[in-house]
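Participant: Below are the structure tokens for one structure; questions will follow.
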Amino acid sequence: MDIESAKVIGMALAVGLGVMGPGIGIGILVSRALEAIGRNPEAMGKITTNMFIGIVFTEALAIFALVVGFIIKFT
């Protein structure tokens with residue numbers, strides 16, 4: 001196996017595993033937010049705002065994984 005193949009495999013592993021966690025986290029976060037809205041519809045504005053803030057922070061972890069993958073690939 002040459003170095004380029006190792007870099008491609010390393011990038012695929014870093015991005016693939018790095019995106020799985022945030023994907024699961026966003027799914028759990030949205031499901032719990034929808035459950036909370038179903039129980040208390042009056043609090044929909046606060047729940048939705050906090051849900052989107054949580055999604056943004058969780059998605060930042062996936063972006064970090066993508067950046068690490070590009071660093072592995074192109075260095």
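Identifiers for the structure tokens are assigned positionally: chains receive A, B, ... in sequence, residues are indexed from 1 per chain, and ligands are indexed from 1 in the order shown.
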Could you give me, as a PyMOL selection string, the residues within 7 Å of Ile72 of chain A, counting only C-alpha atoms and dropping anything in the same chain fewer than 5 positions from it?

Facilitator: chain A and resi 7+10-11

Participant: Which is closer to Gly18 of chain A than all the others in A:Ala62, A:Ile37, A:Val56, A:Ile71, using only C-alpha atoms?

Facilitator: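 Looking only at the distances to Gly18 of chain A, the closest residue turns out to be A:Ala62.
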
Participant: Do a neighbour search on segment 47-52 of chain A at 7 Å with only C-alpha atoms, toss out local chain neighbours closer than 2 positions, and write the hits as a list in words.

Facilitator: Leu29, Val30, Ala33, Ala43, Met44, Gly45, Gly54, Ile55 and Val56 of chain A

Participant: With C-alpha atoms retained, could you export that selection as a short mmCIF file (atom, residue, chain, number, x, y, z; two decimals), in the first residue's frame?

Facilitator:
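Produced file part-v1.cif, reproduced below:
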data_model
loop_
_atom_site.label_atom_id
_atom_site.label_comp_id
_atom_site.auth_asym_id
_atom_site.auth_seq_id
_atom_site.Cartn_x
_atom_site.Cartn_y
_atom_site.Cartn_z
CA LEU A 29 -31.80 16.09 19.94
CA VAL A 30 -34.54 16.64 17.38
CA ALA A 33 -37.37 18.47 21.08
CA ALA A 43 -43.08 26.39 24.86
CA MET A 44 -42.47 25.74 21.17
CA GLY A 45 -40.53 28.98 20.58
CA GLY A 54 -27.78 22.54 19.86
CA ILE A 55 -27.85 21.44 16.22
CA VAL A 56 -25.33 24.15 15.29
#

Participant: Excluding Leu17 of chain A and residues on its chain fewer than 2 positions from it, collect all residues at most 12 Å away from it, counting only C-alpha atoms, and give them as number ranges by chain.

Facilitator: A: 9-15, 19-24, 61-62, 64-66, 68-69

Participant: Kindly give the distance, in Å, that separates atom CA of Val8 of chain A and atom CA of Lys73 of chain A, rounded to a single decimal.

Facilitator: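 A separation of 6.1 Å between them.
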